[in-house]
Each structure stands twice: as C-alpha cells, then as structure tokens.
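structure.tsv, holding TSV, C-alpha atoms:
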chain	number	residue	atom	x	y	z
Y	273	MET	CA	-14.98	2.82	23.00
Y	274	ARG	CA	-12.90	5.92	22.25
Y	275	THR	CA	-10.69	3.89	19.91
Y	276	LEU	CA	-13.72	2.57	18.02
Y	277	HIS	CA	-15.17	6.07	17.77
Y	278	LEU	CA	-11.92	7.42	16.31
Y	279	TYR	CA	-11.67	4.46	13.94
Y	280	LEU	CA	-15.22	4.87	12.59
Y	281	THR	CA	-14.93	8.64	12.39
Y	282	ARG	CA	-11.69	8.44	10.39
Y	283	GLN	CA	-13.22	5.85	8.06
Y	284	VAL	CA	-16.35	7.94	7.50
Y	285	LEU	CA	-14.39	11.16	6.95
Y	286	ALA	CA	-12.01	9.52	4.46
Y	287	THR	CA	-14.90	7.97	2.53
Y	288	LEU	CA	-16.88	11.21	2.76
Y	289	LEU	CA	-14.00	13.16	1.22
Y	290	MET	CA	-13.70	10.69	-1.64
Y	291	THR	CA	-17.43	10.53	-2.40
Y	292	VAL	CA	-17.90	14.30	-2.14
Y	293	MET	CA	-15.11	14.76	-4.68
Y	294	VAL	CA	-16.75	12.27	-7.05
Y	295	PHE	CA	-20.23	13.75	-6.73
Y	296	SER	CA	-18.88	17.30	-6.99
Y	297	PHE	CA	-17.04	16.43	-10.19
Y	298	VAL	CA	-20.17	14.90	-11.74
Y	299	LEU	CA	-22.40	17.79	-10.68
Y	300	LEU	CA	-19.86	20.37	-11.89
Y	301	LEU	CA	-19.77	18.72	-15.30
Y	302	GLY	CA	-23.55	18.86	-15.53
Y	303	ASN	CA	-23.77	22.52	-14.49
Y	304	ALA	CA	-20.64	24.04	-16.02
Y	305	LEU	CA	-20.31	22.25	-19.33
Y	306	LYS	CA	-23.73	23.22	-20.66
Y	307	GLU	CA	-22.86	26.92	-20.33
Y	308	ILE	CA	-19.07	27.18	-20.41
Y	309	LEU	CA	-18.54	24.62	-23.19
Y	310	GLY	CA	-20.32	26.85	-25.70
Y	311	LEU	CA	-18.08	29.76	-24.71
Y	312	ILE	CA	-14.98	27.60	-25.04
Y	313	ILE	CA	-16.00	26.48	-28.54
Y	314	ASN	CA	-16.59	30.09	-29.56
Y	315	GLY	CA	-13.18	31.06	-28.20
Y	316	GLN	CA	-14.70	33.31	-25.55
Y	317	ALA	CA	-13.71	31.38	-22.41
Y	318	THR	CA	-10.12	31.57	-21.19
Y	319	LEU	CA	-8.58	29.12	-18.75
Y	320	GLY	CA	-8.88	31.73	-16.00
Y	321	LEU	CA	-12.59	32.17	-16.68
Y	322	VAL	CA	-13.18	28.41	-16.57
Y	323	VAL	CA	-11.32	28.08	-13.25
Y	324	LYS	CA	-13.20	31.04	-11.77
Y	325	GLY	CA	-16.51	29.61	-12.94
Y	326	ILE	CA	-15.76	26.24	-11.33
Y	327	LEU	CA	-14.76	27.89	-8.04
Y	328	LEU	CA	-17.98	29.93	-8.02
Y	329	LEU	CA	-20.05	26.80	-8.64
Y	330	MET	CA	-18.40	24.78	-5.86
Y	331	PRO	CA	-20.60	26.07	-2.96
Y	332	PHE	CA	-23.77	25.40	-5.00
Y	333	VAL	CA	-22.54	21.89	-5.83
Y	334	LEU	CA	-21.46	21.14	-2.24
Y	335	VAL	CA	-25.05	21.64	-1.02
Y	336	PHE	CA	-25.95	18.50	-2.97
Y	337	ALA	CA	-22.64	16.63	-2.74
Y	338	LEU	CA	-22.27	16.75	1.07
Y	339	PRO	CA	-25.55	14.93	1.93
Y	340	MET	CA	-25.03	12.44	-0.91
Y	341	GLY	CA	-21.47	11.87	0.23
Y	342	MET	CA	-22.57	11.36	3.84
Y	343	LEU	CA	-25.17	8.79	2.78
Y	344	THR	CA	-22.66	6.87	0.67
Y	345	ALA	CA	-19.99	7.04	3.38
Y	346	THR	CA	-22.26	5.59	6.08
Y	347	LEU	CA	-23.50	2.85	3.76
Y	348	LEU	CA	-19.96	1.82	2.79
Y	349	VAL	CA	-18.30	2.11	6.20
Y	350	PHE	CA	-21.02	0.43	8.26
Y	351	GLY	CA	-21.54	-2.17	5.52
Y	352	ARG	CA	-17.86	-3.16	5.74
Y	353	PHE	CA	-17.94	-2.89	9.54
Y	354	SER	CA	-20.79	-5.38	9.63
Y	355	ALA	CA	-19.46	-7.68	6.89
Y	356	ASP	CA	-16.06	-8.01	8.60
Y	357	GLN	CA	-17.80	-9.07	11.84
Y	358	GLU	CA	-16.36	-6.02	13.62
Y	359	LEU	CA	-19.86	-5.00	14.69
Y	360	THR	CA	-20.43	-8.47	16.15
Y	361	ALA	CA	-17.19	-8.20	18.12
Y	362	ALA	CA	-18.15	-4.75	19.42
Y	363	ARG	CA	-21.54	-6.01	20.52
Y	364	ALA	CA	-19.90	-8.96	22.25
Y	365	GLY	CA	-17.94	-6.39	24.23
Y	366	GLY	CA	-21.19	-4.73	25.37
Y	367	ILE	CA	-21.11	-1.79	22.91
Y	368	SER	CA	-24.37	-0.98	21.16
Y	369	LEU	CA	-24.70	0.22	17.56
Y	370	LEU	CA	-26.22	3.47	18.79
Y	371	GLY	CA	-23.18	4.06	20.99
Y	372	LEU	CA	-20.86	3.37	18.06
Y	373	ALA	CA	-22.81	5.67	15.74
Y	374	ALA	CA	-23.04	8.63	18.17
Y	375	PRO	CA	-20.01	10.55	16.76
Y	376	ILE	CA	-21.20	9.92	13.18
Y	377	LEU	CA	-24.63	11.31	14.04
Y	378	ALA	CA	-22.92	14.33	15.64
Y	379	LEU	CA	-20.87	14.73	12.45
Y	380	SER	CA	-24.08	14.75	10.38
Y	381	VAL	CA	-25.51	17.53	12.57
Y	382	GLY	CA	-22.34	19.57	12.05
Y	383	LEU	CA	-22.53	19.00	8.29
Y	384	SER	CA	-26.17	20.12	8.31
Y	385	GLY	CA	-25.16	23.36	9.99
Y	386	LEU	CA	-22.41	23.89	7.43
Y	387	THR	CA	-24.82	23.08	4.59
Y	388	ALA	CA	-27.35	25.56	6.00
Y	389	PHE	CA	-24.79	28.36	6.01
Y	390	ILE	CA	-23.65	27.53	2.46
Y	391	ASN	CA	-27.19	27.08	1.16
Y	392	MET	CA	-28.66	30.24	2.68
Y	393	GLU	CA	-25.75	32.66	2.26
Y	394	ILE	CA	-22.75	31.56	0.21
Y	395	ALA	CA	-24.27	29.44	-2.59
Y	396	PRO	CA	-26.85	32.04	-3.78
Y	397	ARG	CA	-24.18	34.76	-3.95
Y	398	CYS	CA	-21.74	32.50	-5.79
Y	399	ARG	CA	-24.43	31.28	-8.18
Y	400	GLY	CA	-25.36	34.88	-8.98
Y	401	ALA	CA	-21.70	35.75	-9.53
Y	402	TYR	CA	-21.31	32.69	-11.78
Y	403	LYS	CA	-24.33	33.65	-13.89
Y	404	GLY	CA	-22.97	37.17	-14.16
Y	405	LEU	CA	-19.57	35.80	-15.18
Y	406	VAL	CA	-21.05	33.67	-17.95
Y	407	PHE	CA	-23.29	36.55	-19.01
Y	408	GLN	CA	-20.39	38.99	-19.27
Y	409	ALA	CA	-18.26	36.43	-21.10
Y	410	GLY	CA	-21.02	36.07	-23.65
Y	411	MET	CA	-20.87	39.83	-24.19
Y	412	GLN	CA	-17.20	39.93	-25.02
Y	413	ARG	CA	-17.98	39.16	-28.63
Y	414	ALA	CA	-20.90	41.07	-30.04
Y	415	SER	CA	-22.33	38.19	-32.08
Y	416	ALA	CA	-22.02	35.53	-29.36
Y	417	PHE	CA	-25.65	35.75	-28.20
Y	418	ILE	CA	-27.11	35.52	-31.74
Y	419	THR	CA	-28.02	31.97	-32.73
Y	420	GLU	CA	-29.37	30.54	-35.96
Y	421	ASP	CA	-32.95	29.58	-36.72
Y	422	ARG	CA	-34.39	30.79	-33.40
Y	423	PHE	CA	-36.53	33.74	-32.37
Y	424	ILE	CA	-34.46	35.65	-29.80
Y	425	ASP	CA	-36.85	37.55	-27.52
Y	426	GLU	CA	-34.38	38.43	-24.74
Y	427	PHE	CA	-33.97	42.03	-25.96
Y	428	PRO	CA	-36.31	44.69	-24.55
Y	429	GLY	CA	-38.38	46.15	-27.38
Y	430	PHE	CA	-37.75	43.74	-30.22
Y	431	VAL	CA	-37.49	40.14	-31.37
Y	432	LEU	CA	-34.64	39.00	-33.62
Y	433	TYR	CA	-34.54	36.05	-36.02
Y	434	VAL	CA	-31.49	34.96	-38.04
Y	435	GLY	CA	-31.74	32.22	-40.65
Y	436	ALA	CA	-27.99	31.59	-40.90
Y	437	LYS	CA	-24.87	32.92	-39.20
Y	438	ARG	CA	-21.24	32.94	-40.31
Y	439	GLY	CA	-19.20	34.68	-37.64
Y	440	THR	CA	-20.44	38.27	-37.56
Y	441	ASN	CA	-22.24	37.91	-40.91
Y	442	LEU	CA	-25.96	37.16	-40.68
Y	443	HIS	CA	-28.39	36.05	-43.37
Y	444	GLU	CA	-32.20	36.09	-43.65
Y	445	VAL	CA	-32.63	38.58	-40.82
Y	446	ARG	CA	-36.06	39.43	-39.38
Y	447	ILE	CA	-36.60	42.06	-36.68
Y	448	LEU	CA	-39.93	42.73	-34.97
Y	449	GLU	CA	-40.05	46.07	-33.14
Y	450	LEU	CA	-42.50	46.13	-30.21
Y	451	ASP	CA	-43.96	48.86	-28.06
Y	452	SER	CA	-44.14	48.79	-24.25
Y	453	LYS	CA	-47.26	46.59	-24.42
Y	454	GLY	CA	-45.67	44.08	-26.76
Y	455	VAL	CA	-47.62	45.23	-29.83
Y	456	MET	CA	-45.69	45.08	-33.10
Y	457	GLN	CA	-44.80	48.49	-34.56
Y	458	ARG	CA	-42.44	47.66	-37.40
Y	459	HIS	CA	-41.29	44.55	-39.24
Y	460	LEU	CA	-37.77	44.69	-40.71
Y	461	ARG	CA	-36.52	42.18	-43.28
Y	462	ALA	CA	-32.98	42.06	-44.63
Y	463	ASP	CA	-31.18	39.66	-46.94
Y	464	ARG	CA	-28.05	39.92	-44.85
Y	465	ALA	CA	-26.54	41.87	-41.96
Y	466	GLU	CA	-23.36	42.21	-40.00
Y	467	VAL	CA	-22.72	42.91	-36.32
Y	468	ILE	CA	-20.64	46.02	-35.78
Y	469	ALA	CA	-19.08	47.32	-32.56
Y	470	ASN	CA	-16.50	49.81	-31.44
Y	471	GLU	CA	-13.09	48.69	-30.18
Y	472	ALA	CA	-14.21	48.56	-26.57
Y	473	GLY	CA	-17.25	46.53	-27.48
Y	474	GLN	CA	-19.54	48.95	-25.66
Y	475	GLU	CA	-21.56	50.16	-28.66
Y	476	THR	CA	-23.13	47.48	-30.81
Y	477	ALA	CA	-25.52	47.56	-33.75
Y	478	LEU	CA	-26.71	45.60	-36.77
Y	479	ARG	CA	-25.87	46.91	-40.22
Y	480	LEU	CA	-28.63	45.60	-42.51
Y	481	PHE	CA	-28.43	45.30	-46.32
Y	482	GLN	CA	-31.30	45.17	-48.82
Y	483	VAL	CA	-33.84	46.15	-46.19
Y	484	SER	CA	-37.62	46.36	-46.35
Y	485	ILE	CA	-39.43	47.91	-43.37
Y	486	TYR	CA	-43.18	47.61	-42.93
Y	487	ASP	CA	-44.57	50.31	-40.64
Y	488	PHE	CA	-47.87	49.21	-39.03
Y	489	SER	CA	-48.78	52.80	-38.10
Y	490	GLU	CA	-48.53	53.94	-41.73
Y	491	TYR	CA	-49.44	50.61	-43.38
Y	492	ARG	CA	-46.56	51.21	-45.77
Y	493	THR	CA	-43.36	49.42	-46.72
Y	494	HIS	CA	-40.08	51.34	-47.02
Y	495	HIS	CA	-37.05	50.01	-48.88
Y	496	PHE	CA	-33.40	50.77	-48.16
Y	497	GLY	CA	-30.15	49.49	-49.55
Y	498	GLU	CA	-28.48	49.79	-46.15
Y	499	TRP	CA	-29.87	50.40	-42.66
Y	500	THR	CA	-28.21	50.54	-39.24
Y	501	PHE	CA	-30.44	49.17	-36.52
Y	502	GLU	CA	-30.50	49.91	-32.79
Y	503	PRO	CA	-27.03	51.17	-31.84
Y	504	GLY	CA	-26.08	50.17	-28.31
Y	505	PHE	CA	-28.60	47.32	-27.95
Y	506	LEU	CA	-25.91	45.34	-26.18
Y	507	GLU	CA	-26.25	47.58	-23.13
Y	508	LYS	CA	-30.00	46.91	-23.00
Y	509	ARG	CA	-29.42	43.20	-22.92
Y	510	ARG	CA	-26.69	43.51	-20.29
Y	511	SER	CA	-28.93	45.53	-18.00
Y	512	SER	CA	-31.92	43.26	-18.57
Y	513	ARG	CA	-30.47	40.09	-17.03
Y	514	ARG	CA	-33.00	38.90	-14.52
Y	515	ARG	CA	-31.88	37.96	-11.05
Y	516	TRP	CA	-33.49	34.63	-10.17
Y	517	TYR	CA	-34.66	33.60	-6.72
Y	518	SER	CA	-31.96	30.91	-6.62
Y	519	GLU	CA	-29.42	33.76	-6.64
Y	520	MET	CA	-30.88	35.40	-3.52
Y	521	THR	CA	-29.85	34.77	0.07
Y	522	PHE	CA	-32.41	33.85	2.70
Y	523	ALA	CA	-32.50	37.43	4.01
Y	524	GLU	CA	-33.02	38.80	0.49
Y	525	LEU	CA	-35.87	36.35	-0.08
Y	526	ARG	CA	-37.57	37.61	3.09
Y	527	GLN	CA	-37.28	41.16	1.77
Y	528	GLN	CA	-38.80	39.97	-1.49
Y	529	LEU	CA	-41.79	38.60	0.44
Y	530	ASP	CA	-42.37	42.02	1.99
Y	531	LYS	CA	-42.37	43.60	-1.47
Y	532	LEU	CA	-44.86	41.03	-2.76
Y	533	LYS	CA	-47.23	41.84	0.10
Y	534	GLN	CA	-47.40	45.41	-1.16
Y	535	VAL	CA	-47.85	44.18	-4.74
Y	536	ALA	CA	-50.76	41.97	-3.64
Y	537	VAL	CA	-52.46	44.95	-2.00
Y	538	GLU	CA	-51.98	47.04	-5.14
Y	539	LYS	CA	-53.39	44.32	-7.39
Y	540	ALA	CA	-56.54	43.91	-5.28
Y	541	PRO	CA	-59.49	46.34	-5.54
Y	542	ALA	CA	-59.01	49.62	-3.70
Y	543	ASP	CA	-61.56	48.82	-0.97
Y	544	ALA	CA	-60.52	45.16	-0.59
Y	545	ALA	CA	-58.91	45.59	2.83
Y	546	SER	CA	-62.18	46.89	4.34
Y	547	SER	CA	-64.08	43.61	3.96
Y	548	ALA	CA	-63.48	39.97	4.83
Y	549	GLU	CA	-63.96	38.94	1.21
Y	550	GLY	CA	-61.47	41.56	0.08
Y	551	THR	CA	-58.93	40.47	2.67
Y	552	ALA	CA	-59.29	36.88	1.48
Y	553	ARG	CA	-58.74	38.09	-2.08
Y	554	ILE	CA	-55.52	39.86	-1.08
Y	555	ALA	CA	-54.37	36.73	0.73
Y	556	ALA	CA	-55.06	34.62	-2.38
Y	557	ILE	CA	-53.13	37.01	-4.62
Y	558	TYR	CA	-50.25	37.09	-2.16
Y	559	ALA	CA	-50.18	33.29	-1.90
Y	560	GLU	CA	-49.94	32.97	-5.67
Y	561	LEU	CA	-47.29	35.68	-6.07
Y	562	SER	CA	-45.15	34.60	-3.14
Y	563	MET	CA	-45.16	30.84	-3.70
Y	564	PRO	CA	-41.96	30.76	-5.82
Y	565	VAL	CA	-40.17	32.80	-3.15
Y	566	ARG	CA	-41.47	30.69	-0.26
Y	567	LEU	CA	-40.59	27.56	-2.20
Y	568	GLN	CA	-36.99	28.73	-2.55
Y	569	MET	CA	-36.80	29.68	1.15
Y	570	HIS	CA	-38.12	26.30	2.31
Y	571	ARG	CA	-35.84	24.58	-0.18
Y	572	GLN	CA	-32.79	26.29	1.30
Y	573	VAL	CA	-33.73	25.32	4.84
Y	574	ALA	CA	-35.03	21.81	4.08
Y	575	PHE	CA	-31.90	20.86	2.16
Y	576	SER	CA	-29.88	21.70	5.24
Y	577	PHE	CA	-31.34	18.69	7.09
Y	578	ALA	CA	-30.59	16.21	4.32
Y	579	SER	CA	-27.28	15.13	5.90
Y	580	ILE	CA	-29.06	14.10	9.13
Y	581	ALA	CA	-31.80	12.28	7.22
Y	582	PHE	CA	-29.33	10.41	5.00
Y	583	THR	CA	-27.11	9.45	7.95
Y	584	LEU	CA	-30.03	8.06	9.95
Y	585	VAL	CA	-31.02	5.90	6.99
Y	586	GLY	CA	-27.50	5.02	5.86
Y	587	ILE	CA	-26.23	3.52	9.13
Y	588	PRO	CA	-28.89	0.82	9.64
Y	589	LEU	CA	-29.15	0.05	5.91
Y	590	GLY	CA	-25.38	-0.41	5.74
Y	591	VAL	CA	-25.48	-2.81	8.70
Y	592	ARG	CA	-28.44	-4.76	7.32
Y	593	ALA	CA	-26.98	-4.94	3.80
Y	594	HIS	CA	-23.89	-6.62	5.33
Y	595	ARG	CA	-21.89	-5.96	2.15
Y	596	ARG	CA	-18.27	-4.92	1.58
Y	597	GLU	CA	-18.63	-4.08	-2.12
Y	598	THR	CA	-18.37	-0.39	-2.96
Y	599	SER	CA	-20.61	-0.80	-6.02
Y	600	ALA	CA	-23.49	-2.11	-3.90
Y	601	GLY	CA	-23.24	0.83	-1.51
Y	602	MET	CA	-23.07	3.35	-4.35
Y	603	ALA	CA	-26.10	1.80	-6.07
Y	604	MET	CA	-28.14	1.88	-2.85
Y	605	ALA	CA	-27.11	5.49	-2.24
Y	606	LEU	CA	-28.20	6.57	-5.73
Y	607	ILE	CA	-31.60	4.94	-5.29
Y	608	LEU	CA	-32.18	6.71	-1.97
Y	609	VAL	CA	-31.04	10.03	-3.43
Y	610	LEU	CA	-33.47	9.64	-6.33
Y	611	VAL	CA	-36.32	8.97	-3.89
Y	612	TYR	CA	-35.37	12.01	-1.81
Y	613	TYR	CA	-35.11	14.44	-4.71
Y	614	ALA	CA	-38.28	13.11	-6.34
Y	615	PHE	CA	-40.19	14.91	-3.57
Y	616	VAL	CA	-38.21	18.08	-4.24
Y	617	ILE	CA	-39.02	17.93	-7.96
Y	618	LEU	CA	-42.68	17.31	-7.13
Y	619	GLY	CA	-42.80	20.36	-4.86
Y	620	GLN	CA	-41.15	22.61	-7.43
Y	621	SER	CA	-43.49	21.41	-10.18
Y	622	LEU	CA	-46.48	22.57	-8.10
Y	623	GLN	CA	-45.25	26.12	-7.46
Y	624	ASP	CA	-48.13	27.51	-9.55
Y	625	GLN	CA	-50.69	25.69	-7.39
Y	626	PRO	CA	-50.40	27.11	-3.86
Y	627	GLN	CA	-53.50	25.19	-2.72
Y	628	TRP	CA	-51.32	22.04	-2.65
Y	629	PHE	CA	-48.77	23.69	-0.30
Y	630	PRO	CA	-45.75	22.73	-2.44
Y	631	HIS	CA	-43.33	24.42	-0.02
Y	632	LEU	CA	-44.34	21.89	2.64
Y	633	ILE	CA	-43.83	18.96	0.26
Y	634	LEU	CA	-40.12	19.80	0.36
Y	635	TRP	CA	-40.08	18.73	4.02
Y	636	LEU	CA	-41.65	15.32	3.40
Y	637	PRO	CA	-38.42	13.49	2.40
Y	638	ASN	CA	-36.68	14.76	5.55
Y	639	LEU	CA	-39.53	13.61	7.77
Y	640	LEU	CA	-39.82	10.30	5.93
Y	641	PHE	CA	-36.10	9.50	5.92
Y	642	GLN	CA	-35.58	10.58	9.53
Y	643	ALA	CA	-38.57	8.60	10.80
Y	644	VAL	CA	-37.67	5.47	8.83
Y	645	GLY	CA	-33.99	5.85	9.70
Y	646	ALA	CA	-34.67	6.27	13.42
Y	647	PHE	CA	-36.95	3.21	13.41
Y	648	LEU	CA	-34.42	1.06	11.51
Y	649	LEU	CA	-31.60	2.22	13.77
Y	650	TRP	CA	-33.66	1.28	16.83
Y	651	ARG	CA	-34.47	-2.14	15.31
Y	652	VAL	CA	-30.89	-2.93	14.36
Y	653	ASN	CA	-29.62	-1.68	17.74
Y	654	HIS	CA	-31.85	-4.23	19.51
Y	655	VAL	CA	-30.96	-7.19	17.30
Y	656	ARG	CA	-28.93	-9.79	19.16
What does the file become when written as structure tokens?
Amino acid sequence: MRTLHLYLTRQVLATLLMTVMVFSFVLLLGNALKEILGLIINGQATLGLVVKGILLLMPFVLVFALPMGMLTATLLVFGRFSADQELTAARAGGISLLGLAAPILALSVGLSGLTAFINMEIAPRCRGAYKGLVFQAGMQRASAFITEDRFIDEFPGFVLYVGAKRGTNLHEVRILELDSKGVMQRHLRADRAEVIANEAGQETALRLFQVSIYDFSEYRTHHFGEWTFEPGFLEKRRSSRRRWYSEMTFAELRQQLDKLKQVAVEKAPADAASSAEGTARIAAIYAELSMPVRLQMHRQVAFSFASIAFTLVGIPLGVRAHRRETSAGMAMALILVLVYYAFVILGQSLQDQPQWFPHLILWLPNLLFQAVGAFLLWRVNHVR
C-alpha cells in the first residue's frame, strides 16, 4: 500500500508541476501582454520591468493554475492507472480506490490551504504592486497615456481629446474643463499641441497653439496664439489611481465593510435608525454598497476550495474515462473548468443586484463539484 501511495503521489506531483507551468504560462500571457506589450512597443518597458511584472503576477495566476493543474493531474494519472489495468490489479489485492486516493485527497486539502493563503494575502498585494508598476511605467514618458481619437476622462477636473498623435506632438486637441460637480466651465480648442516636461518628468503640461477658449461663465470666446495648459497634471493622474477591491487583502476588505456601514448610515435619513422602516432602509443601502466587497471576500475564500472540488471530481472521472491519452484528459479538464467558472462569472455579473445573493452563487460550483465528486467516487469505489 505504501509503495502504491508513493507511486501515485509522485505521478500526480510530476503531472501537477507540468500542468501548472502550462496554465501559468497561458494565464500570464493573457494578463501581462495586454498591459506590458503596449509599454514594450512604446519603448517604456525594460527587461527588468517585464521580469518584475511577471513575478508580481505569479501569485495571482497560481490561484487559478493550481486547482486547474490538480484537476488535470488527477484525470491524467488515474486515467492511465485505470487504462493500464493497474487499478484492477490493486483491487485484486484487496485495495480500494478510496484507499489509493487518500494521499491525493490529502494533497488537495494542503493545496487548498496554500491557495487560501495566496488568495487572501499574497495575491492582492502583488496584484496591487503590479498595477502600480505598470502605472508608474506609463508615467515615465509624459505622452504615454494620451491616445488618439478617444475622450480621456481619467484626469480630475477635465476631459482630453486628441485627434492625432505623433510622439509628443498632438493635433486637433479638445479640452473640457469641469468643476467639482462635473459641470463644464471652459471648452479649449487647439489646432495642435505638444507635451512638455522637465528633465525629471515631474512637471508636465500641454503647450497649445492657435487656441480658442469658450468661457461658459462669460459666454465669450477668447483667442490665443499660444497657451500653456495645466502644469503638473501628471501628478494629479498619478495620485488619482483607484485601488480596486481585487488589490485588497481579506483583512482590508473587512475594514472596508466597516467603513461602508458608516456610509450607509450617513446616506439614510437622519432619524432612520429610530424606526423599523428606517433600519430596513439602512440595511438596504448597506447591502447595495457592500455587495462588491462581499463578493470579493467570498470569491477569495470560495476559490480556496476549488482544489478539493476538482480532485473529488477528477479521480472518479479519470477512472471511468479509462483513457491514457493526454489530449482527452486536457479536454475534459477544460470543460469542467469552464463549468466551474461559469458560476463565478454569473455571480460577478449580479453584483448590482443584491437580492439575488450573488456572493452565495460563488459557492455553488464548490458544493456541486464536491457533491457529484463524492458520489462518483463512492460509486466507482464499489464497482467490482
């Protein structure tokens, strides 16, 4: 028995390592290329920055790659074990499938614990650091964040439009200056402009040429041959980067919930807490405000059990498939992964509708896979 346990464990670990590397590579390409590739093309990303970005993304990617790798490993190893009649020989010796699979199930529990630690602590910090790295890299050249033929509303206080861009030279420039309430105050139009910055890149502005400025408070248009707009707006954009919930640890998300409770009380009428109707109103406001945070918290915890769910399903399906081909196991794994994450996508799509309890929907694939997997494992274990 001990020899069989060591044999299966080594096979699963070797296959797990291979599949995790494959899935991590694919997921890294999907996450890193869409952001870093643009920086590389613009000459803003050095080799060191690319390597650092990949290392920061690894914990985030491993959260997905480990459960997928465990599912694929169990499908492949137990499929070969069954196809080569090794399972039949073990059963002839009085060893049950459940006894054979015990160390693999224990391994899945250990991986779930590791995934929980990564998902709730390490991955959010690394993802935040990665976003900050990409953000800062985009600031190294003053014109990097300006794109053609698009209204850029990421700057506090104004909206920028550029018809064409040639390096730091801009053409057909439109700038809408807004007040704190988002009401337009001035409309600037320039035939062309150039981005200017000091040597350190800390002070940035737009030098506009052939400018017409319509002032809505005066209802007048002013004309200038040259106009320098908003010195130092780069600092405003740097300080305005929003920190997303996916970049927060589990403890930070709990603190965010406490803040939202106070916000819900402030948004409700002053005397709301003194009546049952008012209390219900506060609860409704809090439920709506806090749903994205709760969704992220449940997502972090629910994902941690994916390795157990996938292992429970993968072992009996691998035995029943009775196939040695790697392609068949990979195809089956991809189908199961798509089914699992379809529930996750469904839950996230309903975050604006708290009445559907989207945070609980995230637990459905775990319950479904674990229940079906346990039943199939019991059935296959009793087949003679």
Could you give me, as an MDAnalysis selection string, the residues that have an atom at most 7 Å away from the point (-28.6, 46.5, -44.1) in the coordinates of the file, using all atoms listed in the file? chainID Y and resid 462 464:465 479:483 497:500
Atoms kept (C-alpha atoms) for selection, written as a tab-separated table (two decimals), in the coordinates of the input:
chain	number	residue	atom	x	y	z
Y	462	ALA	CA	-32.98	42.06	-44.63
Y	464	ARG	CA	-28.05	39.92	-44.85
Y	465	ALA	CA	-26.54	41.87	-41.96
Y	479	ARG	CA	-25.87	46.91	-40.22
Y	480	LEU	CA	-28.63	45.60	-42.51
Y	481	PHE	CA	-28.43	45.30	-46.32
Y	482	GLN	CA	-31.30	45.17	-48.82
Y	483	VAL	CA	-33.84	46.15	-46.19
Y	497	GLY	CA	-30.15	49.49	-49.55
Y	498	GLU	CA	-28.48	49.79	-46.15
Y	499	TRP	CA	-29.87	50.40	-42.66
Y	500	THR	CA	-28.21	50.54	-39.24
Which neighbours of Y:Ala643 fall inside 10 Å, counting all atoms listed in the file, when residues of the same chain fewer than 4 positions from it are skipped, and could you give them as a PyMOL selection string? chain Y and resi 581+584-585+637-639+647-649
Identify, on the basis of all atoms listed in the file, every residue whose closest approach to Y:Leu280 does not exceed 12 Å; exclude the query and any residue fewer than 2 positions from it along the same chain; express the result as a short mmCIF file (atom, residue, chain, number, x, y, z; two decimals) with C-alpha atoms, keeping the file's coordinate frame.
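Saved result, around.cif, follows:
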data_model
loop_
_atom_site.label_atom_id
_atom_site.label_comp_id
_atom_site.auth_asym_id
_atom_site.auth_seq_id
_atom_site.Cartn_x
_atom_site.Cartn_y
_atom_site.Cartn_z
CA MET Y 273 -14.98 2.82 23.00
CA ARG Y 274 -12.90 5.92 22.25
CA THR Y 275 -10.69 3.89 19.91
CA LEU Y 276 -13.72 2.57 18.02
CA HIS Y 277 -15.17 6.07 17.77
CA LEU Y 278 -11.92 7.42 16.31
CA ARG Y 282 -11.69 8.44 10.39
CA GLN Y 283 -13.22 5.85 8.06
CA VAL Y 284 -16.35 7.94 7.50
CA LEU Y 285 -14.39 11.16 6.95
CA ALA Y 286 -12.01 9.52 4.46
CA THR Y 287 -14.90 7.97 2.53
CA LEU Y 288 -16.88 11.21 2.76
CA ALA Y 345 -19.99 7.04 3.38
CA THR Y 346 -22.26 5.59 6.08
CA LEU Y 348 -19.96 1.82 2.79
CA VAL Y 349 -18.30 2.11 6.20
CA PHE Y 350 -21.02 0.43 8.26
CA GLY Y 351 -21.54 -2.17 5.52
CA ARG Y 352 -17.86 -3.16 5.74
CA PHE Y 353 -17.94 -2.89 9.54
CA GLU Y 358 -16.36 -6.02 13.62
CA LEU Y 359 -19.86 -5.00 14.69
CA LEU Y 369 -24.70 0.22 17.56
CA GLY Y 371 -23.18 4.06 20.99
CA LEU Y 372 -20.86 3.37 18.06
CA ALA Y 373 -22.81 5.67 15.74
CA ALA Y 374 -23.04 8.63 18.17
CA PRO Y 375 -20.01 10.55 16.76
CA ILE Y 376 -21.20 9.92 13.18
CA LEU Y 377 -24.63 11.31 14.04
CA LEU Y 379 -20.87 14.73 12.45
CA ILE Y 587 -26.23 3.52 9.13
#
When you draw a straight line from atom CA of Y:Val611 to atom CA of Y:Ile390, how long is it in Å? 23.4 Å
Return the single residue from Y:Leu478, Y:Met456, Y:Leu567, Y:Ile617 that is closest to Y:Leu442, with distances computed using all atoms listed in the file. Y:Leu478
Among Y:Ala477, Y:Ile557, Y:Thr583, Y:Ala401, Y:Ser384 is approached most closely, using only C-alpha atoms, by Y:Thr583
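Using only C-alpha atoms, the shortest contact distance between Y:Gln572 and any of Y:Met340, Y:Ala362, Y:Leu525, Y:Val322 is found at Y:Leu525.
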Report the distance between atom CA of Y:Ser368 and atom CA of Y:Leu383 in Å, rounded to one decimal place. 23.8 Å
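The interatomic distance for the pair atom CA of Y:Ala605 and atom CA of Y:Thr344 works out to 5.5 Å.
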Excluding Y:Met293 and any residue of its chain fewer than 6 positions from it, enumerate the residues within 10 Å of it, using all atoms listed in the file, and give them as number ranges by chain. Y: 287, 299, 334, 337-338, 341
Give me a file of those residues, with C-alpha atoms, as a tab-separated table (two decimals), keeping the file's coordinate frame.
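Final file, out-v4.tsv:
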chain	number	residue	atom	x	y	z
Y	287	THR	CA	-14.90	7.97	2.53
Y	299	LEU	CA	-22.40	17.79	-10.68
Y	334	LEU	CA	-21.46	21.14	-2.24
Y	337	ALA	CA	-22.64	16.63	-2.74
Y	338	LEU	CA	-22.27	16.75	1.07
Y	341	GLY	CA	-21.47	11.87	0.23
Around the point (-37.7, 39.7, -33.2), in the coordinates given by the file, pick out the residues reaching within 7 Å, counting all atoms listed in the file, and return them as number ranges by chain. Y: 423-425, 430-433, 446-449
